[in-house]
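Participant: Have a peek at start-v4.cif (mmCIF, C-alpha atoms).
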```cif
data_target
#
loop_
_atom_site.label_atom_id
_atom_site.label_comp_id
_atom_site.auth_asym_id
_atom_site.auth_seq_id
_atom_site.Cartn_x
_atom_site.Cartn_y
_atom_site.Cartn_z
CA MET Q 819 -14.49 69.56 -5.45
CA ALA Q 820 -18.32 69.31 -5.29
CA ALA Q 821 -20.66 72.23 -5.53
CA GLY Q 822 -21.02 74.27 -2.38
CA GLY Q 823 -17.38 73.85 -1.47
CA THR Q 824 -17.69 70.39 0.13
CA ARG Q 825 -15.35 67.50 -0.62
CA ASN Q 826 -16.43 63.91 -1.40
CA TRP Q 827 -14.09 61.40 0.24
CA ARG Q 828 -13.81 57.79 -0.88
CA LEU Q 829 -12.03 55.05 1.02
CA VAL Q 830 -9.95 52.87 -1.24
CA ARG Q 831 -7.78 49.88 -0.46
CA ALA Q 832 -4.17 50.37 -1.21
CA ASP Q 833 -2.48 47.76 -3.30
CA THR Q 834 0.00 45.65 -1.43
CA ASP Q 835 2.67 47.12 -3.55
CA ALA Q 836 1.85 50.38 -1.84
CA VAL Q 837 3.15 48.97 1.49
CA PRO Q 838 6.89 49.20 1.69
CA PRO Q 839 8.71 45.83 1.77
CA SER Q 840 10.32 46.70 5.07
CA ALA Q 841 6.91 47.22 6.67
CA ARG Q 842 5.63 43.92 5.25
CA ARG Q 843 8.64 42.08 6.65
CA PHE Q 844 8.13 43.71 10.02
CA MET Q 845 4.47 42.67 10.13
CA ALA Q 846 5.31 39.10 9.06
CA ARG Q 847 7.93 38.79 11.78
CA ALA Q 848 5.42 40.16 14.30
CA ARG Q 849 2.87 37.50 13.29
CA GLN Q 850 5.50 34.77 13.59
CA ARG Q 851 6.47 35.99 17.05
CA ARG Q 852 2.84 35.93 18.15
CA LEU Q 853 2.41 32.40 16.80
CA ARG Q 854 5.59 31.19 18.47
CA ALA Q 855 4.52 32.75 21.77
CA ALA Q 856 1.07 31.17 21.57
CA MET Q 857 2.28 27.72 20.45
CA PRO Q 858 3.48 26.43 23.89
CA TRP Q 859 0.20 27.51 25.45
CA ALA Q 860 -1.77 25.78 22.75
CA VAL Q 861 0.30 22.58 23.05
CA GLY Q 862 0.05 22.66 26.85
CA ALA Q 863 -3.71 23.12 26.70
CA GLY Q 864 -3.96 20.21 24.27
CA VAL Q 865 -1.85 17.97 26.49
CA LEU Q 866 -3.91 18.90 29.55
CA LEU Q 867 -7.11 18.20 27.67
CA VAL Q 868 -5.90 14.79 26.51
CA ALA Q 869 -4.57 13.96 29.99
CA GLY Q 870 -7.87 15.02 31.54
CA VAL Q 871 -9.86 12.82 29.18
CA LEU Q 872 -7.57 9.84 29.78
CA THR Q 873 -7.69 10.34 33.56
CA TRP Q 874 -11.46 10.51 33.44
CA LEU Q 875 -11.62 7.32 31.35
CA VAL Q 876 -9.23 5.45 33.66
CA TYR Q 877 -10.41 6.67 37.07
CA GLY Q 878 -13.93 7.91 36.49
CA THR Q 879 -15.56 5.33 34.25
CA SER Q 880 -15.88 1.57 33.93
CA VAL Q 881 -14.21 1.53 30.52
CA LEU Q 882 -11.08 0.13 32.24
CA GLY Q 883 -13.00 -1.30 35.17
CA VAL Q 884 -12.59 -4.62 36.97
CA ARG Q 885 -14.01 -7.38 34.80
CA ASN Q 886 -12.32 -10.36 36.40
CA VAL Q 887 -10.72 -11.19 39.76
CA GLU Q 888 -8.28 -14.03 39.18
CA VAL Q 889 -7.12 -16.04 42.21
CA VAL Q 890 -4.18 -18.48 42.17
CA GLY Q 891 -2.38 -20.51 44.83
CA VAL Q 892 -5.34 -21.54 47.00
CA GLN Q 893 -5.61 -25.06 48.38
CA VAL Q 894 -7.46 -24.91 51.68
CA LEU Q 895 -9.39 -21.79 50.73
CA THR Q 896 -11.55 -21.47 47.63
CA ALA Q 897 -11.19 -18.75 45.04
CA ASP Q 898 -14.67 -17.49 45.93
CA GLN Q 899 -13.67 -17.10 49.60
CA VAL Q 900 -10.68 -14.99 48.55
CA ARG Q 901 -12.82 -12.89 46.20
CA ALA Q 902 -15.33 -12.30 48.98
CA ALA Q 903 -12.55 -11.15 51.33
CA ALA Q 904 -11.09 -8.90 48.61
CA ALA Q 905 -14.47 -7.15 48.32
CA VAL Q 906 -13.75 -5.52 44.95
CA GLN Q 907 -16.89 -4.48 43.09
CA GLU Q 908 -17.16 -5.49 39.45
CA GLY Q 909 -16.83 -2.52 37.14
CA ARG Q 910 -14.90 -0.44 39.63
CA PRO Q 911 -12.07 1.46 37.86
CA LEU Q 912 -9.07 -0.86 38.00
CA ALA Q 913 -6.66 2.03 38.51
CA GLY Q 914 -8.60 3.13 41.59
CA VAL Q 915 -8.37 -0.19 43.43
CA ASP Q 916 -6.25 0.15 46.60
CA LEU Q 917 -4.03 -2.91 46.27
CA ASP Q 918 -2.65 -2.63 49.81
CA ARG Q 919 -6.11 -2.59 51.38
CA VAL Q 920 -7.24 -5.52 49.28
CA GLY Q 921 -4.14 -7.46 50.36
CA ALA Q 922 -4.76 -6.61 54.02
CA ARG Q 923 -8.32 -7.91 53.84
CA ILE Q 924 -7.16 -11.17 52.29
CA ARG Q 925 -4.32 -11.62 54.82
CA ALA Q 926 -6.97 -11.53 57.55
CA LEU Q 927 -8.06 -14.99 56.38
CA PRO Q 928 -6.36 -17.41 58.84
CA PRO Q 929 -4.94 -19.83 56.21
CA VAL Q 930 -3.22 -17.00 54.29
CA ASP Q 931 0.50 -16.56 54.90
CA ARG Q 932 1.34 -14.11 52.08
CA VAL Q 933 -0.58 -12.45 49.28
CA ALA Q 934 0.34 -10.34 46.26
CA VAL Q 935 -2.28 -8.21 44.50
CA SER Q 936 -1.60 -6.65 41.10
CA ARG Q 937 -3.36 -5.21 38.05
CA ARG Q 938 -3.53 -6.91 34.68
CA TRP Q 939 -4.80 -4.43 32.13
CA PRO Q 940 -7.32 -3.85 30.78
CA GLY Q 941 -9.65 -5.35 33.39
CA THR Q 942 -8.18 -8.10 35.59
CA LEU Q 943 -7.23 -7.97 39.26
CA MET Q 944 -4.69 -10.70 39.99
CA ILE Q 945 -4.51 -12.19 43.51
CA GLU Q 946 -1.65 -14.61 44.27
CA VAL Q 947 -2.04 -16.42 47.58
CA VAL Q 948 0.52 -18.43 49.56
CA GLU Q 949 -1.22 -20.46 52.26
CA ARG Q 950 0.29 -21.48 55.58
CA THR Q 951 2.00 -24.87 55.74
CA PRO Q 952 1.09 -26.97 58.78
CA VAL Q 953 3.95 -28.45 60.82
CA ALA Q 954 1.94 -29.99 63.66
CA ALA Q 955 -1.60 -30.77 64.77
CA VAL Q 956 -2.68 -29.73 68.26
CA PRO Q 957 -5.40 -31.92 69.81
CA ALA Q 958 -8.43 -29.83 70.75
CA GLY Q 959 -11.13 -32.09 72.15
CA THR Q 960 -12.18 -34.40 69.34
CA ARG Q 961 -10.69 -32.13 66.67
CA PHE Q 962 -7.23 -30.91 65.70
CA THR Q 963 -5.89 -27.38 65.28
CA LEU Q 964 -3.17 -27.01 62.66
CA ILE Q 965 -0.26 -24.66 63.35
CA ASP Q 966 2.39 -23.43 60.94
CA GLY Q 967 6.12 -22.89 61.40
CA GLU Q 968 5.47 -19.58 63.18
CA GLY Q 969 3.05 -21.13 65.64
CA VAL Q 970 -0.04 -19.59 64.07
CA PRO Q 971 -3.20 -21.70 64.47
CA PHE Q 972 -5.00 -21.38 61.15
CA ARG Q 973 -7.33 -24.32 60.64
CA THR Q 974 -9.32 -26.88 62.62
CA VAL Q 975 -9.95 -30.33 61.15
CA ALA Q 976 -11.82 -33.42 62.25
CA GLU Q 977 -8.92 -35.85 61.76
CA GLN Q 978 -5.17 -35.69 62.21
CA PRO Q 979 -3.60 -35.24 58.76
CA ASP Q 980 -1.28 -38.02 57.62
CA GLY Q 981 2.40 -37.33 58.18
CA LEU Q 982 1.78 -34.55 60.69
CA PRO Q 983 2.96 -35.05 64.30
CA LEU Q 984 0.84 -34.11 67.28
CA ALA Q 985 1.92 -31.16 69.41
CA ARG Q 986 0.50 -31.37 72.91
CA LEU Q 987 0.19 -27.69 73.80
CA ALA Q 988 -2.23 -26.00 76.18
CA THR Q 989 -2.45 -22.65 74.38
CA PRO Q 990 -0.90 -22.83 70.90
CA GLY Q 991 -0.04 -19.49 69.35
CA ARG Q 992 2.65 -17.27 67.90
CA ASP Q 993 3.39 -15.66 71.28
CA ASP Q 994 3.10 -18.82 73.36
CA GLU Q 995 6.45 -19.82 74.91
CA ASN Q 996 5.67 -23.53 74.87
CA THR Q 997 4.69 -23.36 71.20
CA GLY Q 998 7.99 -21.66 70.40
CA SER Q 999 9.92 -24.41 72.19
CA ALA Q 1000 8.02 -27.12 70.32
CA LEU Q 1001 8.79 -25.49 66.96
CA THR Q 1002 12.47 -25.13 67.84
CA VAL Q 1003 12.73 -28.85 68.61
CA LEU Q 1004 10.70 -29.93 65.58
CA ALA Q 1005 12.96 -27.90 63.29
CA ALA Q 1006 16.06 -29.60 64.72
CA LEU Q 1007 14.91 -33.23 64.39
CA SER Q 1008 16.80 -35.59 62.14
CA ASP Q 1009 14.96 -37.50 59.42
CA ASP Q 1010 15.13 -40.71 61.51
CA LEU Q 1011 13.60 -39.03 64.55
CA ARG Q 1012 10.97 -37.29 62.45
CA GLU Q 1013 10.02 -40.60 60.84
CA GLN Q 1014 9.40 -42.20 64.23
CA LEU Q 1015 7.83 -39.19 65.90
CA ILE Q 1016 4.21 -39.48 66.98
CA ALA Q 1017 3.91 -36.42 69.22
CA ILE Q 1018 5.86 -33.71 70.96
CA SER Q 1019 4.67 -32.75 74.42
CA VAL Q 1020 5.59 -29.42 76.02
CA ALA Q 1021 4.31 -29.05 79.58
CA SER Q 1022 6.68 -26.12 80.10
CA PRO Q 1023 9.74 -24.74 78.27
CA VAL Q 1024 11.95 -27.08 80.35
CA GLN Q 1025 9.70 -30.14 80.12
CA ILE Q 1026 9.80 -31.28 76.52
CA ARG Q 1027 9.48 -34.90 75.50
CA LEU Q 1028 9.07 -36.80 72.27
CA GLU Q 1029 6.70 -39.72 71.88
CA LEU Q 1030 8.02 -42.20 69.33
CA ARG Q 1031 6.68 -45.36 67.78
CA LYS Q 1032 6.58 -48.59 69.78
CA GLY Q 1033 6.01 -46.63 72.98
CA ARG Q 1034 9.50 -45.15 73.13
CA VAL Q 1035 10.07 -41.74 74.71
CA VAL Q 1036 12.85 -39.16 74.41
CA ILE Q 1037 13.26 -36.84 77.39
CA TRP Q 1038 14.42 -33.58 75.78
CA GLY Q 1039 14.46 -31.14 78.67
CA ASP Q 1040 14.50 -27.58 77.32
CA ASP Q 1041 14.99 -26.48 73.72
CA THR Q 1042 18.65 -25.48 74.07
CA ASP Q 1043 21.27 -27.47 72.11
CA SER Q 1044 18.44 -29.09 70.15
CA ALA Q 1045 20.69 -29.90 67.18
CA LYS Q 1046 23.11 -31.76 69.46
CA LYS Q 1047 20.27 -33.50 71.29
CA SER Q 1048 18.82 -34.62 67.97
CA GLU Q 1049 22.19 -36.06 66.92
CA VAL Q 1050 22.62 -37.96 70.20
CA ALA Q 1051 19.03 -39.23 70.29
CA THR Q 1052 19.28 -40.44 66.69
CA ALA Q 1053 22.43 -42.40 67.48
CA LEU Q 1054 20.70 -44.04 70.47
CA LEU Q 1055 17.66 -45.16 68.50
CA LYS Q 1056 19.52 -48.37 67.65
CA GLN Q 1057 20.00 -49.16 71.34
CA LYS Q 1058 17.50 -51.07 73.41
CA GLY Q 1059 15.44 -49.12 75.88
CA ASP Q 1060 12.10 -47.39 76.05
CA GLU Q 1061 13.31 -44.07 77.43
CA ILE Q 1062 16.19 -41.99 76.09
CA ASP Q 1063 17.19 -38.99 78.17
CA VAL Q 1064 19.18 -36.34 76.30
CA SER Q 1065 18.21 -33.40 78.53
CA ALA Q 1066 21.91 -33.12 79.42
CA THR Q 1067 23.96 -34.18 76.41
CA THR Q 1068 27.05 -34.72 78.55
CA VAL Q 1069 25.25 -37.32 80.69
CA VAL Q 1070 22.94 -39.30 78.43
CA THR Q 1071 20.91 -42.21 79.83
CA ILE Q 1072 18.84 -44.92 78.21
CA ARG Q 1073 16.70 -47.48 80.02
#
```
Would you write the structure of this file as structure tokens?
Facilitator:
Amino acid sequence: MAAGGTRNWRLVRADTDAVPPSARRFMARARQRRLRAAMPWAVGAGVLLVAGVLTWLVYGTSVLGVRNVEVVGVQVLTADQVRAAAAVQEGRPLAGVDLDRVGARIRALPPVDRVAVSRRWPGTLMIEVVERTPVAAVPAGTRFTLIDGEGVPFRTVAEQPDGLPLARLATPGRDDENTGSALTVLAALSDDLREQLIAISVASPVQIRLELRKGRVVIWGDDTDSAKKSEVATALLKQKGDEIDVSATTVVTIR
């Protein structure tokens, strides 16, 4: 004890051996429990961080942006016309491109029947186009409007394409009744009739006639029983006569 009755205290560090083994085990288990409890949070935070960085790279930067717009399947259209309709800016994040909207813009081009738009990583937008196939040419003044198998007018040309029959229609279109009748008859024609066909004329749904080579005419009537009418008319092609009337297949005339 120091002079004057005061004590001098000194803080010393106890040797580890001074801590009972049971206490050391308890503290070790406590540390392990804290680590185990914190581990899922740490892993989750790491995953979120990585996911956030990846999302930012994919959607927020041009690292995986559009570098190329590849167009296949065009014949009437050009690839540049399709790219212009797609209206996808170069460098735009590929993952952020709305494929449905791009497809809708391209389908608005009259010659396009179907289109598929897809991503090709890391930086290509693929556009696959199926154009409409013409089945007839409708005279329109000095030009010709091409229609497909659904009656859709999609292209106007200066000359009648080889191998394509004329369709004499006042108002060609998908919803036009006369156009529908013409397409029904054209689809039912035999190869022999199709080979000789020059034009199909539809003044009304019940006034259909075929104009064949050598000035021959087939009076078709309406578009009902077209398969049967085609069979009968084909059989009569070998007979003499300029006009074949199959409007009533039970009473066929040729003169």
Participant: For a quick check of your reading of the model, name the residues lying within 7 Å of the coordinate (0.3, -12.0, 51.5), counting only C-alpha atoms, and write them as a tab-separated table (two decimals) with C-alpha atoms, in the coordinates of the input.
Facilitator:
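Result saved to selection36.tsv:
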```tsv
chain	number	residue	atom	x	y	z
Q	921	GLY	CA	-4.14	-7.46	50.36
Q	925	ARG	CA	-4.32	-11.62	54.82
Q	930	VAL	CA	-3.22	-17.00	54.29
Q	931	ASP	CA	0.50	-16.56	54.90
Q	932	ARG	CA	1.34	-14.11	52.08
Q	933	VAL	CA	-0.58	-12.45	49.28
Q	934	ALA	CA	0.34	-10.34	46.26
Q	947	VAL	CA	-2.04	-16.42	47.58
Q	948	VAL	CA	0.52	-18.43	49.56
```
Participant: Of the candidates Q:Ala905, Q:Ile1062, Q:Leu912, Q:Met857, which one gets nearest to Val884 (chain Q) if we count all atoms listed in the file?
Facilitator: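 Looking only at the distances to Val884 (chain Q), the closest residue turns out to be Q:Leu912.
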Participant: Padding 4 Å on each side, edges along x, y and z: where is the centre of the box around the listed atoms of region 1006-1022 of chain Q, and how long are its edges in Å to one decimal? Output it as lines of an AutoDock Vina configuration file.
Facilitator:
```
center_x = 10.4
center_y = -34.2
center_z = 69.8
size_x = 20.9
size_y = 24.1
size_z = 28.7
```
Participant: CA of Ala1066 (chain Q) to CA of Gly998 (chain Q): how many Å, to one decimal?
Facilitator: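 Separating CA of Ala1066 (chain Q) from CA of Gly998 (chain Q) is a distance of 20.2 Å.
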Participant: Pull out every residue that the PyMOL selection byres ((chain Q and resi 991) around 8) matches in the shown coordinates and put them as a PyMOL selection string.
Facilitator: chain Q and resi 965+969-971+989-990+992-994+997
Participant: Counting all atoms listed in the file, which of Q:Leu1001, Q:Leu984, Q:Thr942, Q:Arg1073 gets nearest to Phe962 (chain Q)?
Facilitator: Q:Leu984
Participant: To test your reading of the syntax: which residues would the PyMOL selection byres ((chain Q and resi 1072) around 9) return for the file shown? Reply as a ChimeraX atom specification.
Facilitator: /Q:1054,1057-1064,1070-1071,1073
Participant: Quick one: apply the PyMOL selection byres ((chain Q and resi 1044-1050) around 9) to the file and drop the selected residues here as a PyMOL selection string.
Facilitator: chain Q and resi 1002-1003+1005-1008+1011+1038+1040-1043+1051-1055+1064-1067+1070
Participant: What does the distance from CA of Ile1016 (chain Q) to CA of Leu927 (chain Q) come to in Å, to one decimal?
Facilitator: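 Distance reported for this atom pair: 29.4 Å.
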Participant: Suppose you want the space between CA of Val887 (chain Q) and CA of Pro940 (chain Q); what is it in Å?
Facilitator: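 Between CA of Val887 (chain Q) and CA of Pro940 (chain Q) the gap works out to 12.1 Å.
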Participant: Between Q:Lys1056, Q:Arg1027, Q:Arg910, Q:Arg901, which has the minimum distance to Ile924 (chain Q) (counting only C-alpha atoms)?
Facilitator: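 Closest to Ile924 (chain Q) of all the choices is Q:Arg901.
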Participant: Name the closest residue to Leu882 (chain Q) among the candidates Q:Ala1000, Q:Arg938, Q:Asp916, Q:Pro839; distances are taken between atoms, counting all atoms listed in the file.
Facilitator: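 Under the stated criterion, the closest residue is Q:Arg938.
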Participant: Quick one: everything within 6 Å of Gln1025 (chain Q), counting all atoms listed in the file, minus sequence neighbours fewer than 4 positions away in the same chain. Send it as a PyMOL selection string.
Facilitator: chain Q and resi 1020-1021+1039
Participant: Contacts of Glu977 (chain Q) at 9 Å or less, counting all atoms listed in the file, minus same-chain residues fewer than 3 places along, as a list in words?
Facilitator: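 Using all atoms listed in the file, the neighbours found are Thr960, Arg961, Phe962 and Asp980 of chain Q.
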Participant: Any chance you could turn region 890-916 of chain Q into a file with N, CA and C atoms, as a JSON list (two decimals), in the first residue's frame?
Facilitator:
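Output saved as part_17.json:
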```json
[["chain", "number", "residue", "atom", "x", "y", "z"],
["Q", 890, "VAL", "N", -33.59, -11.17, -93.08],
["Q", 890, "VAL", "CA", -33.59, -12.27, -94.05],
["Q", 890, "VAL", "C", -35.02, -12.47, -94.57],
["Q", 891, "GLY", "N", -35.11, -13.03, -95.77],
["Q", 891, "GLY", "CA", -36.41, -13.39, -96.34],
["Q", 891, "GLY", "C", -37.03, -12.37, -97.27],
["Q", 892, "VAL", "N", -36.39, -11.21, -97.45],
["Q", 892, "VAL", "CA", -37.01, -10.18, -98.28],
["Q", 892, "VAL", "C", -36.75, -10.46, -99.76],
["Q", 893, "GLN", "N", -37.74, -10.12, -100.58],
["Q", 893, "GLN", "CA", -37.62, -10.24, -102.03],
["Q", 893, "GLN", "C", -38.08, -8.95, -102.70],
["Q", 894, "VAL", "N", -39.33, -8.59, -102.40],
["Q", 894, "VAL", "CA", -39.86, -7.33, -102.93],
["Q", 894, "VAL", "C", -39.27, -6.16, -102.16],
["Q", 895, "LEU", "N", -39.28, -6.25, -100.87],
["Q", 895, "LEU", "CA", -38.71, -5.22, -100.01],
["Q", 895, "LEU", "C", -37.19, -5.33, -100.00],
["Q", 896, "THR", "N", -36.53, -4.27, -99.55],
["Q", 896, "THR", "CA", -35.09, -4.33, -99.31],
["Q", 896, "THR", "C", -34.84, -4.41, -97.81],
["Q", 897, "ALA", "N", -33.66, -4.88, -97.46],
["Q", 897, "ALA", "CA", -33.31, -4.97, -96.04],
["Q", 897, "ALA", "C", -33.33, -3.59, -95.39],
["Q", 898, "ASP", "N", -32.91, -2.57, -96.12],
["Q", 898, "ASP", "CA", -32.91, -1.21, -95.56],
["Q", 898, "ASP", "C", -34.33, -0.72, -95.29],
["Q", 899, "GLN", "N", -35.29, -1.08, -96.14],
["Q", 899, "GLN", "CA", -36.68, -0.69, -95.89],
["Q", 899, "GLN", "C", -37.19, -1.34, -94.60],
["Q", 900, "VAL", "N", -36.83, -2.58, -94.38],
["Q", 900, "VAL", "CA", -37.26, -3.28, -93.16],
["Q", 900, "VAL", "C", -36.59, -2.66, -91.94],
["Q", 901, "ARG", "N", -35.31, -2.35, -92.05],
["Q", 901, "ARG", "CA", -34.60, -1.72, -90.93],
["Q", 901, "ARG", "C", -35.21, -0.36, -90.59],
["Q", 902, "ALA", "N", -35.58, 0.38, -91.63],
["Q", 902, "ALA", "CA", -36.19, 1.69, -91.39],
["Q", 902, "ALA", "C", -37.53, 1.54, -90.67],
["Q", 903, "ALA", "N", -38.32, 0.53, -91.06],
["Q", 903, "ALA", "CA", -39.61, 0.30, -90.40],
["Q", 903, "ALA", "C", -39.41, -0.18, -88.97],
["Q", 904, "ALA", "N", -38.36, -0.98, -88.74],
["Q", 904, "ALA", "CA", -38.09, -1.49, -87.39],
["Q", 904, "ALA", "C", -37.76, -0.35, -86.43],
["Q", 905, "ALA", "N", -37.04, 0.65, -86.93],
["Q", 905, "ALA", "CA", -36.73, 1.86, -86.15],
["Q", 905, "ALA", "C", -36.04, 1.54, -84.83],
["Q", 906, "VAL", "N", -35.01, 0.70, -84.89],
["Q", 906, "VAL", "CA", -34.23, 0.36, -83.69],
["Q", 906, "VAL", "C", -32.91, 1.10, -83.75],
["Q", 907, "GLN", "N", -32.66, 1.94, -82.77],
["Q", 907, "GLN", "CA", -31.46, 2.76, -82.74],
["Q", 907, "GLN", "C", -30.23, 1.92, -82.43],
["Q", 908, "GLU", "N", -29.15, 2.16, -83.17],
["Q", 908, "GLU", "CA", -27.90, 1.44, -82.92],
["Q", 908, "GLU", "C", -27.38, 1.80, -81.53],
["Q", 909, "GLY", "N", -26.92, 0.79, -80.81],
["Q", 909, "GLY", "CA", -26.41, 0.99, -79.47],
["Q", 909, "GLY", "C", -27.44, 0.86, -78.38],
["Q", 910, "ARG", "N", -28.70, 0.81, -78.76],
["Q", 910, "ARG", "CA", -29.75, 0.63, -77.75],
["Q", 910, "ARG", "C", -29.58, -0.73, -77.09],
["Q", 911, "PRO", "N", -29.74, -0.82, -75.76],
["Q", 911, "PRO", "CA", -29.59, -2.12, -75.09],
["Q", 911, "PRO", "C", -30.46, -3.19, -75.76],
["Q", 912, "LEU", "N", -29.84, -4.27, -76.18],
["Q", 912, "LEU", "CA", -30.56, -5.32, -76.90],
["Q", 912, "LEU", "C", -31.68, -5.90, -76.06],
["Q", 913, "ALA", "N", -31.43, -6.05, -74.76],
["Q", 913, "ALA", "CA", -32.44, -6.63, -73.87],
["Q", 913, "ALA", "C", -33.67, -5.74, -73.75],
["Q", 914, "GLY", "N", -33.49, -4.44, -73.98],
["Q", 914, "GLY", "CA", -34.61, -3.51, -73.82],
["Q", 914, "GLY", "C", -35.44, -3.31, -75.07],
["Q", 915, "VAL", "N", -35.09, -3.96, -76.17],
["Q", 915, "VAL", "CA", -35.85, -3.82, -77.41],
["Q", 915, "VAL", "C", -37.18, -4.56, -77.27],
["Q", 916, "ASP", "N", -38.29, -3.87, -77.54],
["Q", 916, "ASP", "CA", -39.62, -4.49, -77.49],
["Q", 916, "ASP", "C", -39.85, -5.23, -78.81]]
```
